[in-house]
Structure formats: C-alpha cells, structure tokens
$ cat my_file-v2.cif   # mmCIF, C-alpha atoms (C1' of nucleotides)
data_model
#
loop_
_atom_site.label_atom_id
_atom_site.label_comp_id
_atom_site.auth_asym_id
_atom_site.auth_seq_id
_atom_site.Cartn_x
_atom_site.Cartn_y
_atom_site.Cartn_z
CA MET A 1 111.36 132.55 153.46
CA PRO A 2 109.13 131.75 150.65
CA GLU A 3 105.51 130.81 150.90
CA GLY A 4 103.78 129.27 147.90
CA HIS A 5 103.26 132.52 146.05
CA THR A 6 107.02 133.02 145.85
CA VAL A 7 107.58 129.56 144.42
CA HIS A 8 104.97 130.03 141.71
CA ARG A 9 106.48 133.37 140.87
CA LEU A 10 109.84 131.74 140.72
CA ALA A 11 108.58 129.00 138.39
CA ARG A 12 107.38 131.67 135.98
CA ALA A 13 110.70 133.48 136.21
CA LEU A 14 112.70 130.34 135.49
CA ASP A 15 110.43 129.38 132.62
CA GLY A 16 110.75 132.83 131.12
CA LEU A 17 114.51 132.83 131.39
CA PHE A 18 115.27 129.22 130.54
CA GLY A 19 112.19 127.57 129.03
CA GLY A 20 113.18 125.70 125.85
CA ARG A 21 116.85 126.45 126.36
CA THR A 22 119.83 124.19 126.83
CA LEU A 23 121.64 124.98 130.08
CA ALA A 24 125.02 124.58 131.65
CA VAL A 25 124.32 123.18 135.11
CA SER A 26 126.91 123.12 137.87
CA SER A 27 127.36 123.15 141.62
CA PRO A 28 129.95 125.79 142.52
CA GLN A 29 129.63 124.84 146.18
CA GLY A 30 130.05 121.17 145.30
CA ARG A 31 127.28 119.66 147.37
CA PHE A 32 125.10 119.04 144.32
CA ALA A 33 127.85 118.05 141.91
CA GLY A 34 126.33 114.65 141.17
CA GLY A 35 122.88 116.01 140.45
CA ALA A 36 124.21 118.88 138.40
CA ALA A 37 126.07 116.43 136.18
CA LEU A 38 122.78 114.64 135.47
CA LEU A 39 121.26 117.89 134.18
CA ASP A 40 124.20 119.59 132.51
CA GLY A 41 123.73 120.13 128.79
CA ARG A 42 120.04 119.26 128.91
CA ARG A 43 117.11 121.38 127.81
CA VAL A 44 114.41 122.84 130.07
CA VAL A 45 111.03 121.62 128.84
CA ALA A 46 108.76 122.53 131.77
CA VAL A 47 108.76 124.44 135.04
CA GLU A 48 106.04 123.84 137.61
CA ALA A 49 105.18 124.72 141.18
CA TRP A 50 102.98 122.89 143.65
CA GLY A 51 102.79 124.58 147.01
CA LYS A 52 106.35 125.24 148.06
CA GLN A 53 107.81 122.60 145.76
CA LEU A 54 109.43 123.62 142.49
CA PHE A 55 109.88 121.17 139.62
CA CYS A 56 111.90 121.78 136.50
CA ALA A 57 111.99 119.23 133.68
CA PHE A 58 115.22 118.62 131.79
CA ALA A 59 115.18 116.62 128.54
CA PRO A 60 118.16 115.58 126.41
CA ALA A 61 119.19 118.54 124.30
CA GLY A 62 118.30 116.82 121.04
CA ALA A 63 115.02 115.25 122.14
CA LYS A 64 111.77 116.74 120.98
CA GLY A 65 109.61 115.13 123.68
CA GLY A 66 107.73 117.10 126.29
CA ASP A 67 107.79 116.80 130.04
CA GLY A 68 106.16 113.36 129.97
CA ALA A 69 108.98 111.64 128.10
CA ASP A 70 110.79 108.77 129.79
CA ASP A 71 114.17 110.42 129.51
CA VAL A 72 113.08 113.57 131.33
CA ARG A 73 114.85 114.27 134.59
CA TRP A 74 113.13 116.50 137.10
CA LEU A 75 114.94 118.97 139.30
CA ARG A 76 113.07 119.28 142.59
CA VAL A 77 113.83 122.26 144.79
CA HIS A 78 112.38 123.23 148.15
CA LEU A 79 113.73 126.48 149.53
CA GLY A 80 112.92 125.83 153.19
CA LEU A 81 113.62 128.70 155.52
CA TYR A 82 116.84 129.95 154.01
CA GLY A 83 116.84 129.05 150.38
CA ALA A 84 117.03 131.74 147.72
CA TRP A 85 117.55 132.16 144.01
CA THR A 86 119.62 135.00 142.66
CA PHE A 87 119.39 136.01 139.04
CA ALA A 88 121.56 138.02 136.74
CA GLY A 89 121.52 138.52 133.03
CA ASP A 90 122.70 140.53 130.09
CA GLY A 91 119.59 142.70 130.16
CA SER A 92 117.81 140.99 127.28
CA ALA A 93 115.38 139.31 129.66
CA ASP A 94 113.00 141.17 131.95
CA VAL A 95 113.13 138.89 134.93
CA VAL A 96 116.21 139.74 136.88
CA HIS A 97 115.75 139.65 140.60
CA ALA A 98 116.18 137.53 143.66
CA ILE A 99 113.39 135.34 144.95
CA GLY A 100 113.38 133.40 148.15
CA ALA A 101 114.80 134.23 151.50
CA PRO A 102 115.05 137.88 152.42
CA ARG A 103 117.97 139.26 150.55
CA ARG A 104 118.86 142.23 148.52
CA ARG A 105 117.51 142.40 145.04
CA ILE A 106 120.31 141.69 142.68
CA GLY A 107 119.86 142.94 139.18
CA GLU A 108 122.12 143.10 136.22
CA ARG A 109 123.17 146.63 137.00
CA GLU A 110 123.98 145.87 140.60
CA THR A 111 126.10 142.85 139.81
CA THR A 112 128.04 144.54 137.06
CA PRO A 113 130.51 146.22 139.44
CA ASP A 114 131.51 142.76 140.61
CA LEU A 115 132.45 141.72 137.14
CA PRO A 116 136.06 142.04 136.10
CA ALA A 117 136.40 144.91 133.67
CA GLY A 118 137.03 142.57 130.79
CA ASP A 119 133.72 140.79 131.33
CA ALA A 120 131.84 144.06 131.49
CA LEU A 121 133.27 145.00 128.13
CA ALA A 122 132.38 141.61 126.76
CA ALA A 123 128.81 142.13 127.95
CA GLU A 124 128.63 145.36 126.04
CA ALA A 125 129.83 143.56 122.96
CA GLY A 126 126.95 141.11 123.31
CA ASP A 127 129.19 138.33 124.55
CA TRP A 128 127.73 138.07 128.02
CA ALA A 129 129.37 136.04 130.77
CA PRO A 130 127.81 135.28 134.14
CA PRO A 131 129.24 136.91 137.26
CA ALA A 132 131.19 134.82 139.72
CA PRO A 133 128.95 132.97 142.20
CA ARG A 134 128.36 134.74 145.50
CA GLY A 135 128.37 132.70 148.67
CA ALA A 136 127.61 128.99 148.86
CA VAL A 137 125.88 128.37 145.54
CA ARG A 138 124.46 124.84 145.56
CA LEU A 139 123.18 124.95 142.01
CA ARG A 140 123.94 127.22 139.09
CA LEU A 141 121.92 127.33 135.88
CA VAL A 142 123.50 129.19 133.00
CA GLY A 143 121.75 130.00 129.74
CA ALA A 144 122.85 132.17 126.87
CA HIS A 145 121.57 135.38 128.45
CA ALA A 146 121.02 134.71 132.13
CA VAL A 147 122.21 132.87 135.19
CA ALA A 148 120.29 131.61 138.22
CA ASP A 149 122.07 130.69 141.45
CA LEU A 150 120.44 128.64 144.20
CA THR A 151 121.68 128.91 147.79
CA GLY A 152 120.62 127.24 151.01
CA PRO A 153 117.74 125.04 149.86
CA THR A 154 116.22 122.46 152.18
CA ALA A 155 115.89 120.12 149.21
CA CYS A 156 117.60 119.97 145.84
CA ASP A 157 117.28 116.63 144.04
CA VAL A 158 117.03 115.04 140.64
CA VAL A 159 113.99 112.78 140.52
CA THR A 160 112.06 110.69 138.00
CA GLY A 161 108.56 111.52 136.85
CA ARG A 162 107.29 108.76 139.10
CA GLU A 163 109.09 110.20 142.11
CA LYS A 164 107.75 113.64 141.32
CA ALA A 165 104.23 112.23 141.24
CA ALA A 166 104.83 110.61 144.62
CA VAL A 167 105.84 113.95 146.12
CA GLU A 168 102.75 115.61 144.65
CA ALA A 169 100.52 112.85 145.96
CA ARG A 170 101.53 113.78 149.49
CA LEU A 171 100.64 117.45 148.99
CA GLY A 172 97.26 118.98 149.60
CA PRO A 173 95.50 121.21 147.08
CA ASP A 174 97.25 124.43 146.10
CA PRO A 175 95.09 127.59 145.93
CA ILE A 176 97.38 129.14 143.34
CA ARG A 177 97.12 126.34 140.81
CA ALA A 178 94.34 126.90 138.31
CA ASP A 179 92.46 123.74 139.28
CA GLY A 180 93.85 123.68 142.79
CA GLY A 181 95.59 120.41 141.97
CA ARG A 182 92.53 118.24 142.51
CA GLY A 183 91.04 118.37 139.07
CA SER A 184 88.75 121.33 139.63
CA PRO A 185 88.55 124.37 141.90
CA GLU A 186 85.48 122.94 143.61
CA ALA A 187 87.05 119.54 144.25
CA SER A 188 90.18 121.21 145.61
CA ARG A 189 88.24 123.38 148.01
CA ALA A 190 86.19 120.40 149.16
CA ALA A 191 89.35 118.37 149.73
CA PHE A 192 90.71 121.10 151.98
CA VAL A 193 87.48 121.53 153.93
CA ASP A 194 86.98 117.80 154.44
CA ARG A 195 90.55 117.23 155.51
CA VAL A 196 90.50 119.96 158.16
CA ARG A 197 87.15 118.83 159.52
CA ARG A 198 88.29 115.24 159.85
CA SER A 199 90.78 116.14 162.60
CA ARG A 200 90.71 117.67 166.03
CA VAL A 201 94.11 119.26 165.41
CA THR A 202 93.78 123.03 165.65
CA VAL A 203 92.91 124.87 162.48
CA GLY A 204 96.01 126.99 163.03
CA GLN A 205 98.24 123.94 162.80
CA GLN A 206 96.37 122.42 159.90
CA LEU A 207 96.77 125.54 157.78
CA MET A 208 100.53 124.98 158.02
CA ASP A 209 100.19 121.30 157.11
CA GLN A 210 101.22 120.97 153.48
CA ALA A 211 99.15 117.80 153.19
CA ALA A 212 96.01 119.78 154.06
CA ILE A 213 96.71 122.83 151.89
CA ALA A 214 99.90 123.39 149.93
CA GLY A 215 101.76 126.67 149.85
CA VAL A 216 100.44 128.36 152.98
CA GLY A 217 103.13 129.54 155.40
CA ASN A 218 103.19 131.44 158.64
CA ILE A 219 102.11 134.78 157.16
CA TYR A 220 99.17 133.54 155.09
CA ARG A 221 98.08 131.36 158.00
CA ALA A 222 97.95 134.24 160.46
CA GLU A 223 96.36 136.65 158.03
CA ALA A 224 93.74 134.28 156.61
CA LEU A 225 92.59 133.32 160.11
CA PHE A 226 92.30 136.98 161.06
CA ARG A 227 90.30 137.83 157.96
CA ALA A 228 87.97 134.95 158.74
CA GLY A 229 87.61 136.04 162.38
CA LEU A 230 88.58 132.52 163.39
CA ASP A 231 90.39 131.47 166.56
CA PRO A 232 93.58 129.65 165.46
CA LEU A 233 93.33 127.28 168.41
CA ARG A 234 89.90 125.93 167.54
CA PRO A 235 89.94 122.24 166.62
CA GLY A 236 89.50 121.69 162.89
CA ARG A 237 86.46 119.47 163.35
CA ASP A 238 84.68 122.29 165.18
CA VAL A 239 85.06 124.81 162.37
CA PRO A 240 81.94 125.06 160.19
CA GLY A 241 82.48 123.91 156.63
CA PRO A 242 81.37 127.21 155.09
CA VAL A 243 83.96 129.07 157.20
CA LEU A 244 86.72 126.81 155.88
CA ALA A 245 85.41 127.15 152.35
CA ALA A 246 85.53 130.92 152.73
CA ILE A 247 89.13 130.70 153.96
CA TRP A 248 90.04 128.67 150.88
CA ASP A 249 88.38 131.20 148.59
CA ASP A 250 90.12 134.04 150.40
CA LEU A 251 93.49 132.34 150.03
CA VAL A 252 92.90 131.82 146.33
CA VAL A 253 92.61 135.58 145.93
CA LEU A 254 95.36 136.55 148.38
CA MET A 255 97.94 134.05 147.18
CA ARG A 256 97.36 134.63 143.48
CA ASP A 257 97.78 138.32 144.10
CA GLY A 258 100.98 137.56 145.99
CA ALA A 259 102.23 135.48 143.08
CA ALA A 260 101.50 138.34 140.72
CA THR A 261 103.17 141.09 142.73
CA GLY A 262 105.68 139.24 144.88
CA ALA A 263 104.35 140.87 148.03
CA ILE A 264 101.87 139.56 150.56
CA VAL A 265 99.26 142.21 151.24
CA THR A 266 96.24 141.19 153.29
CA THR A 267 94.97 144.46 154.75
CA ARG A 268 91.92 146.10 153.26
CA PRO A 269 92.39 149.78 152.31
CA GLU A 270 90.14 151.04 155.11
CA HIS A 271 92.41 149.38 157.66
CA ARG A 272 95.61 150.94 156.44
CA VAL A 273 96.23 154.06 158.44
CA PRO A 274 99.24 156.25 157.79
CA ASP A 275 101.30 158.05 160.43
CA GLY A 276 101.83 154.91 162.42
CA VAL A 277 98.49 155.06 164.20
CA HIS A 278 98.52 151.30 164.54
CA GLY A 279 102.22 151.07 165.32
CA ALA A 280 104.88 150.13 162.86
CA GLY A 281 105.28 146.41 163.34
CA ARG A 282 108.39 144.45 162.56
CA ARG A 283 109.79 144.77 159.12
CA THR A 284 109.25 141.80 156.84
CA ARG A 285 111.15 141.50 153.62
CA GLN A 286 109.12 140.82 150.55
CA ASN A 287 110.41 139.71 147.22
CA THR A 288 108.84 142.18 144.91
CA ASP A 289 110.34 143.31 141.66
CA GLY A 290 110.09 146.92 142.72
CA THR A 291 106.73 147.53 141.07
CA ALA A 292 104.62 146.48 144.05
CA GLY A 293 105.25 149.39 146.35
CA ALA A 294 101.67 150.59 146.53
CA VAL A 295 101.17 149.36 150.08
CA PRO A 296 103.87 150.23 152.63
CA ALA A 297 105.44 147.17 154.22
CA ASP A 298 104.26 148.13 157.69
CA GLU A 299 100.66 148.38 156.54
CA ALA A 300 100.54 145.05 154.71
CA PHE A 301 99.51 142.74 157.58
CA TYR A 302 96.78 142.59 160.19
CA VAL A 303 98.57 140.50 162.80
CA TYR A 304 101.76 138.91 161.49
CA HIS A 305 104.78 140.27 163.41
CA ARG A 306 102.50 142.76 165.19
CA ASP A 307 102.43 141.19 168.64
CA GLY A 308 101.72 143.79 171.31
CA LEU A 309 100.58 146.39 168.80
CA PRO A 310 96.93 147.43 168.64
CA CYS A 311 94.68 145.43 166.35
CA ARG A 312 93.94 147.43 163.20
CA VAL A 313 90.23 146.74 163.60
CA CYS A 314 89.43 146.71 167.32
CA GLY A 315 92.54 148.14 168.97
CA ALA A 316 93.14 145.21 171.32
CA PRO A 317 96.79 144.15 171.56
CA VAL A 318 97.76 141.47 169.04
CA LEU A 319 98.61 138.21 170.77
CA THR A 320 101.41 135.76 170.04
CA LYS A 321 102.16 132.22 171.08
CA GLU A 322 104.42 129.45 169.95
CA LEU A 323 102.47 126.65 168.33
CA ALA A 324 104.25 123.55 167.07
CA GLY A 325 107.52 125.42 166.91
CA ARG A 326 106.23 128.39 164.94
CA ASN A 327 105.09 131.79 166.08
CA LEU A 328 101.38 132.35 165.87
CA PHE A 329 99.82 135.83 165.82
CA TRP A 330 96.17 136.68 166.31
CA CYS A 331 93.68 139.11 167.84
CA GLY A 332 91.96 137.64 170.87
CA VAL A 333 88.93 139.87 170.36
CA CYS A 334 88.34 139.71 166.60
CA GLN A 335 89.18 136.01 166.52
CA ALA A 336 87.26 134.78 169.53
"C1'" DG B 1 132.27 142.65 164.47
"C1'" DC B 2 129.00 139.44 166.65
"C1'" DT B 3 124.38 137.25 167.84
"C1'" DG B 4 119.88 135.63 167.18
"C1'" DC B 5 116.13 135.26 164.37
"C1'" DA B 6 113.39 133.85 160.08
"C1'" DT B 7 107.80 133.47 155.46
"C1'" DG B 8 110.30 125.40 156.51
"C1'" DA B 9 110.46 120.51 156.93
"C1'" DT B 10 112.37 116.19 158.65
"C1'" DG B 11 113.75 112.45 161.54
"C1'" DA B 12 114.66 110.64 166.13
"C1'" DG B 13 112.93 109.76 170.65
"C1'" DT C 1 108.69 117.86 171.40
"C1'" DC C 2 113.25 118.39 170.20
"C1'" DA C 3 117.44 118.71 167.47
"C1'" DT C 4 119.06 119.50 163.10
"C1'" DC C 5 119.83 121.32 158.53
"C1'" DC C 6 121.06 125.59 155.86
"C1'" DT C 7 122.02 130.95 155.02
"C1'" DG C 8 121.48 136.13 155.13
"C1'" DC C 9 120.48 140.01 157.52
"C1'" DA C 10 118.55 143.16 161.26
"C1'" DG C 11 119.86 144.66 165.37
"C1'" DC C 12 123.11 145.45 168.46
"C1'" DA C 13 127.83 146.54 170.63
#
$ encode --input "my_file-v2.cif" --output "structure tokens"
Amino acid sequence: MPEGHTVHRLARALDGLFGGRTLAVSSPQGRFAGGAALLDGRRVVAVEAWGKQLFCAFAPAGAKGGDGADDVRWLRVHLGLYGAWTFAGDGSADVVHAIGAPRRRIGERETTPDLPAGDALAAEAGDWAPPAPRGAVRLRLVGAHAVADLTGPTACDVVTGREKAAVEARLGPDPIRADGGRGSPEASRAAFVDRVRRSRVTVGQQLMDQAAIAGVGNIYRAEALFRAGLDPLRPGRDVPGPVLAAIWDDLVVLMRDGAATGAIVTTRPEHRVPDGVHGAGRRTRQNTDGTAGAVPADEAFYVYHRDGLPCRVCGAPVLTKELAGRNLFWCGVCQA
DNA sequence: GCTGCATGATGAG
DNA sequence: TCATCCTGCAGCA
C-alpha cells in the first residue's frame, strides 16, 4: 500500500536498475500482453513519479532522443491498494528489494533457492538469468542484470506524452518533487492552501484528494493532521492559511524522509517510549531496504492504527471513524 | 487451511 | 454511498 514516498523511491530504483538500458518486456500473467509488446525491445530513457503515479519512458532502442521525443511511449503504473514490484538481480546492482504492497523483501539471495540448479550455476558464471515469475505477474521488465515484476496494479497502461500530461494536469502539487510540480516550492504550497480553503469539504478528506495534494495517503494524512493539532473533520475553508501552509511544509520533510528511507516515521524522539508504555499498536509493514530500522515499527506513528490506545502526547484514547470509505485516526484532545 | 483486512481509485446510481 | 477491481498476508481455527 504505497503512498507517494514509495512511488518516488521506486522510480529511483527503476532508473538505477534500468535507466539507459534496453529491456525485454513481457506479461507473464497475460493481462498486459498488448502493452508489453509496445515496449518490448525499447530503451528506458526516463523514470518519473508524481504523487502515486509512476511514469517510465521507453524510446526505440536505436534512437538517441530523450523523453520528449515523439516516438517515446510512456508506461504508466498506479499500484493502488495491492500493487507491488518485486526485484531480483545478479548482485551487480545495489537496489534489490520489493516496493509496494506489504510483502516480504525479496533479494537476490532469497530468490536463488527458487532457481533451478543450472541457473544458479549460470549466475555464478556471470550469465545471469531471471527467476521464474511468482504469482500473477502483470508486467515483467528484464535487463542484463536485473528483473522487476509488477503484480496487482490498479493501473498499468502505455500512454503518449500528451496523455501523460493530461494525467499530471489532474494531480495536485507533490511535496516530494523538488518544485512541488507547480514551478516553484512556493507556488506549489500556495496551490495546496488555496485549493483546500476554497471548499467546505473536511480537511481530512481533502488531504486524501490527489487533486489537492498528490502522494498523501491514509498514514500521512492522519499523522500530518495530528502534528498540526488539527481536527480532521474541520471544513477546509475554516482552516487558517498558515496552518495549511505549515502542514505542507511538514509533509515536505516527512515525505522526503520517507522516500529516502522507505519507512514512514512521524513521531518525534521525545514521544517514542520503549517498553510499550503507549501500547503496541497494530503492525504496519514498511518497505525499507533494511537500513531504516532506527525507529521500531510500533513507535513510528502518533495515531495511525492506534485506535483505543493512549495518545502519545496527552494519554487520551486515540479515536477512529470511517470517513469516505477510509479509516481515520485522530486524538480528540490534541486535535480539538 | 480459511477469512478479512489493507498505506487506492473509479464508475454507477 | 456503494460495488468493484486486484493481491498478499496477519490472524485465526
């Protein structure tokens, strides 16, 4: 269940593994056979993320043009709730892990036992071959040294540059993008603030609206509202502009950190108490690469998945409520 | 082994 | 507001 930080992280991983390379593209599951054929044998010339949307540019193998060329075809992927990428490689690339829905990290070493003995020997000889696809793999990208398998995406299309631009035009600013997507950090922040304040829809709902701010999901929503001390049910137009601006700035920091480490951590050190003083909370899988274990998973959030447990700051029980089909978590005292 | 849930979004009514 | 799509896994028997 990726929020925007995961998708940006994924874009970097794909670029590192496949950027500049010619790929074999297929659809082992078959449901993307037509699209895969449009990309097979082409070269990756760009990988981008905007919110939860991933775009990967494929140019003809022989072409020297960049991602703006007319003959570029864009792969658009949205992971939705269940989508995930699984990577494996011959060990020559650093980035070998799974990103997306909660699933076990699959590295080169862990997939090796699944390889027939002959393939394992071939890998040792430098003649690497990808492991057989696991599960319903919609899309498989194979380079010389690595493979990426995509399962369960909500969207997986091949689009033109114009169609890509149309998708982006419907998205709000993205706190992880360097300029936020609106030309400058300031313009992006202002676009978010103005949009929220134009509507009486609750600020909790608007934070999940990808047209208002791109990349925020249920965890960042709950945590950002807590850190701002803001009631999720307050109408957007009633929230002071500076409060919304501060939420944007906070999300810039939180989400970029998440993109760097793979884990969402929103608690400040002084609010992380060992020995389960605040209760354990439900376990939430995070797609780290194993290096981001500094903060225990059950100390990472203030309110997300902590309904009924005492608030880390004031001790009042964390509240939950279904809002527009998604679970909302907040502290009724700190966020009054 | 089975069941229900999940960090999402869409289209119909 | 609801049904639907899609998949893996935690939690349970």
$ interface_residues --input "my_file-v2.cif" --of "chain A" --to "chain C" --cutoff "9 Å" --atoms "all atoms listed in the file" --output "list in words"
Gly80, Leu81, Tyr82, Gly83, Ala84, Ala101, Pro102, Arg103, Ala136, Thr151, Gly152, Pro153, Thr154, Ala324 and Gly325 of chain A
$ interface_residues --input "my_file-v2.cif" --of "chain A" --to "chain B" --cutoff "7 Å" --atoms "only C-alpha atoms (C1' of nucleotides)" --output "list of chain:residue names"
A:Met1, A:Pro2, A:Glu3, A:Gly80, A:Leu81, A:Gly217, A:Asn218, A:Ile219
$ atom_distance --input "my_file-v2.cif" --atom1 "atom CA of Val159 of chain A" --atom2 "atom CA of Trp74 of chain A"
5.1 Å
$ atom_distance --input "my_file-v2.cif" --atom1 "atom CA of Arg21 of chain A" --atom2 "atom CA of Gly181 of chain A"
27.1 Å
$ residues_around --input "my_file-v2.cif" --residues "Lys164 of chain A" --least-positions-apart "3" --cutoff "12 Å" --atoms "only C-alpha atoms (C1' of nucleotides)" --output "NGL selection string"
:A and (48-50 or 53-57 or 67-68 or 72-77 or 157-161 or 167-171)
$ atom_distance --input "my_file-v2.cif" --atom1 "atom CA of His305 of chain A" --atom2 "atom CA of Gly281 of chain A"
6.2 Å
$ decode --input "my_file-v2.cif" --residues "chain C" --atoms "N, CA, C and O atoms (P, O5', C5', C4', C3', O3' and C1' of nucleotides)" --output "mmCIF file, in the first residue's frame"
data_model
loop_
_atom_site.group_PDB
_atom_site.id
_atom_site.type_symbol
_atom_site.label_atom_id
_atom_site.label_comp_id
_atom_site.auth_asym_id
_atom_site.auth_seq_id
_atom_site.Cartn_x
_atom_site.Cartn_y
_atom_site.Cartn_z
ATOM 1 P P DT C 1 -21.748 9.760 2.368
ATOM 2 O "O5'" DT C 1 -22.224 8.400 1.680
ATOM 3 C "C5'" DT C 1 -23.577 8.041 1.734
ATOM 4 C "C4'" DT C 1 -23.718 6.772 0.950
ATOM 5 C "C3'" DT C 1 -22.810 5.628 1.413
ATOM 6 O "O3'" DT C 1 -23.589 4.471 1.569
ATOM 7 C "C1'" DT C 1 -22.548 5.961 -0.913
ATOM 8 P P DC C 2 -23.036 3.133 2.086
ATOM 9 O "O5'" DC C 2 -22.853 2.263 0.768
ATOM 10 C "C5'" DC C 2 -23.990 2.007 -0.043
ATOM 11 C "C4'" DC C 2 -23.548 1.398 -1.358
ATOM 12 C "C3'" DC C 2 -22.667 0.147 -1.200
ATOM 13 O "O3'" DC C 2 -23.341 -0.968 -1.745
ATOM 14 C "C1'" DC C 2 -21.760 1.690 -2.805
ATOM 15 P P DA C 3 -22.807 -2.441 -1.503
ATOM 16 O "O5'" DA C 3 -22.163 -2.778 -2.923
ATOM 17 C "C5'" DA C 3 -22.890 -2.511 -4.093
ATOM 18 C "C4'" DA C 3 -21.992 -2.668 -5.301
ATOM 19 C "C3'" DA C 3 -21.131 -3.935 -5.282
ATOM 20 O "O3'" DA C 3 -21.191 -4.535 -6.567
ATOM 21 C "C1'" DA C 3 -19.751 -2.002 -5.533
ATOM 22 P P DT C 4 -20.525 -5.945 -6.800
ATOM 23 O "O5'" DT C 4 -19.132 -5.552 -7.439
ATOM 24 C "C5'" DT C 4 -19.102 -4.621 -8.511
ATOM 25 C "C4'" DT C 4 -17.675 -4.241 -8.825
ATOM 26 C "C3'" DT C 4 -16.668 -5.386 -8.676
ATOM 27 O "O3'" DT C 4 -16.185 -5.747 -9.958
ATOM 28 C "C1'" DT C 4 -15.832 -3.324 -7.813
ATOM 29 P P DC C 5 -15.432 -7.144 -10.176
ATOM 30 O "O5'" DC C 5 -13.906 -6.700 -10.289
ATOM 31 C "C5'" DC C 5 -13.528 -5.747 -11.274
ATOM 32 C "C4'" DC C 5 -12.200 -5.137 -10.905
ATOM 33 C "C3'" DC C 5 -11.121 -6.162 -10.534
ATOM 34 O "O3'" DC C 5 -10.258 -6.332 -11.641
ATOM 35 C "C1'" DC C 5 -11.098 -4.216 -9.098
ATOM 36 P P DC C 6 -9.715 -7.786 -11.922
ATOM 37 O "O5'" DC C 6 -8.450 -7.889 -10.956
ATOM 38 C "C5'" DC C 6 -7.315 -7.072 -11.198
ATOM 39 C "C4'" DC C 6 -6.495 -6.962 -9.933
ATOM 40 C "C3'" DC C 6 -6.152 -8.307 -9.269
ATOM 41 O "O3'" DC C 6 -4.916 -8.760 -9.784
ATOM 42 C "C1'" DC C 6 -6.744 -6.636 -7.668
ATOM 43 P P DT C 7 -4.533 -10.269 -9.540
ATOM 44 O "O5'" DT C 7 -3.887 -10.200 -8.091
ATOM 45 C "C5'" DT C 7 -2.701 -9.435 -7.884
ATOM 46 C "C4'" DT C 7 -2.342 -9.415 -6.415
ATOM 47 C "C3'" DT C 7 -2.010 -10.777 -5.810
ATOM 48 O "O3'" DT C 7 -0.614 -10.800 -5.580
ATOM 49 C "C1'" DT C 7 -3.341 -9.416 -4.343
ATOM 50 P P DG C 8 0.067 -12.077 -4.975
ATOM 51 O "O5'" DG C 8 0.225 -11.668 -3.440
ATOM 52 C "C5'" DG C 8 0.955 -10.499 -3.145
ATOM 53 C "C4'" DG C 8 0.991 -10.270 -1.649
ATOM 54 C "C3'" DG C 8 1.495 -11.466 -0.844
ATOM 55 O "O3'" DG C 8 2.338 -10.944 0.154
ATOM 56 C "C1'" DG C 8 -0.663 -10.844 -0.099
ATOM 57 P P DC C 9 3.206 -11.875 1.054
ATOM 58 O "O5'" DC C 9 2.532 -11.690 2.484
ATOM 59 C "C5'" DC C 9 2.324 -10.361 2.943
ATOM 60 C "C4'" DC C 9 1.367 -10.380 4.099
ATOM 61 C "C3'" DC C 9 1.674 -11.457 5.146
ATOM 62 O "O3'" DC C 9 1.469 -10.880 6.406
ATOM 63 C "C1'" DC C 9 -0.550 -11.609 4.495
ATOM 64 P P DA C 10 2.446 -11.250 7.592
ATOM 65 O "O5'" DA C 10 1.558 -10.804 8.846
ATOM 66 C "C5'" DA C 10 0.909 -9.536 8.795
ATOM 67 C "C4'" DA C 10 -0.352 -9.575 9.619
ATOM 68 C "C3'" DA C 10 -0.222 -10.299 10.949
ATOM 69 O "O3'" DA C 10 -1.008 -9.613 11.907
ATOM 70 C "C1'" DA C 10 -1.839 -11.399 9.586
ATOM 71 P P DG C 11 -0.977 -10.011 13.426
ATOM 72 O "O5'" DG C 11 -2.294 -10.901 13.557
ATOM 73 C "C5'" DG C 11 -3.545 -10.344 13.196
ATOM 74 C "C4'" DG C 11 -4.581 -11.437 13.206
ATOM 75 C "C3'" DG C 11 -4.485 -12.378 14.417
ATOM 76 O "O3'" DG C 11 -5.738 -12.409 15.070
ATOM 77 C "C1'" DG C 11 -4.681 -13.599 12.406
ATOM 78 P P DC C 12 -5.858 -13.023 16.526
ATOM 79 O "O5'" DC C 12 -6.564 -14.433 16.249
ATOM 80 C "C5'" DC C 12 -7.854 -14.404 15.631
ATOM 81 C "C4'" DC C 12 -8.118 -15.648 14.831
ATOM 82 C "C3'" DC C 12 -8.171 -16.944 15.622
ATOM 83 O "O3'" DC C 12 -9.531 -17.211 15.968
ATOM 84 C "C1'" DC C 12 -7.238 -17.217 13.433
ATOM 85 P P DA C 13 -9.839 -18.356 17.055
ATOM 86 O "O5'" DA C 13 -9.940 -19.662 16.165
ATOM 87 C "C5'" DA C 13 -11.120 -19.904 15.406
ATOM 88 C "C4'" DA C 13 -10.901 -21.110 14.486
ATOM 89 C "C3'" DA C 13 -10.840 -22.448 15.202
ATOM 90 O "O3'" DA C 13 -11.876 -23.287 14.704
ATOM 91 C "C1'" DA C 13 -9.024 -22.216 13.668
#
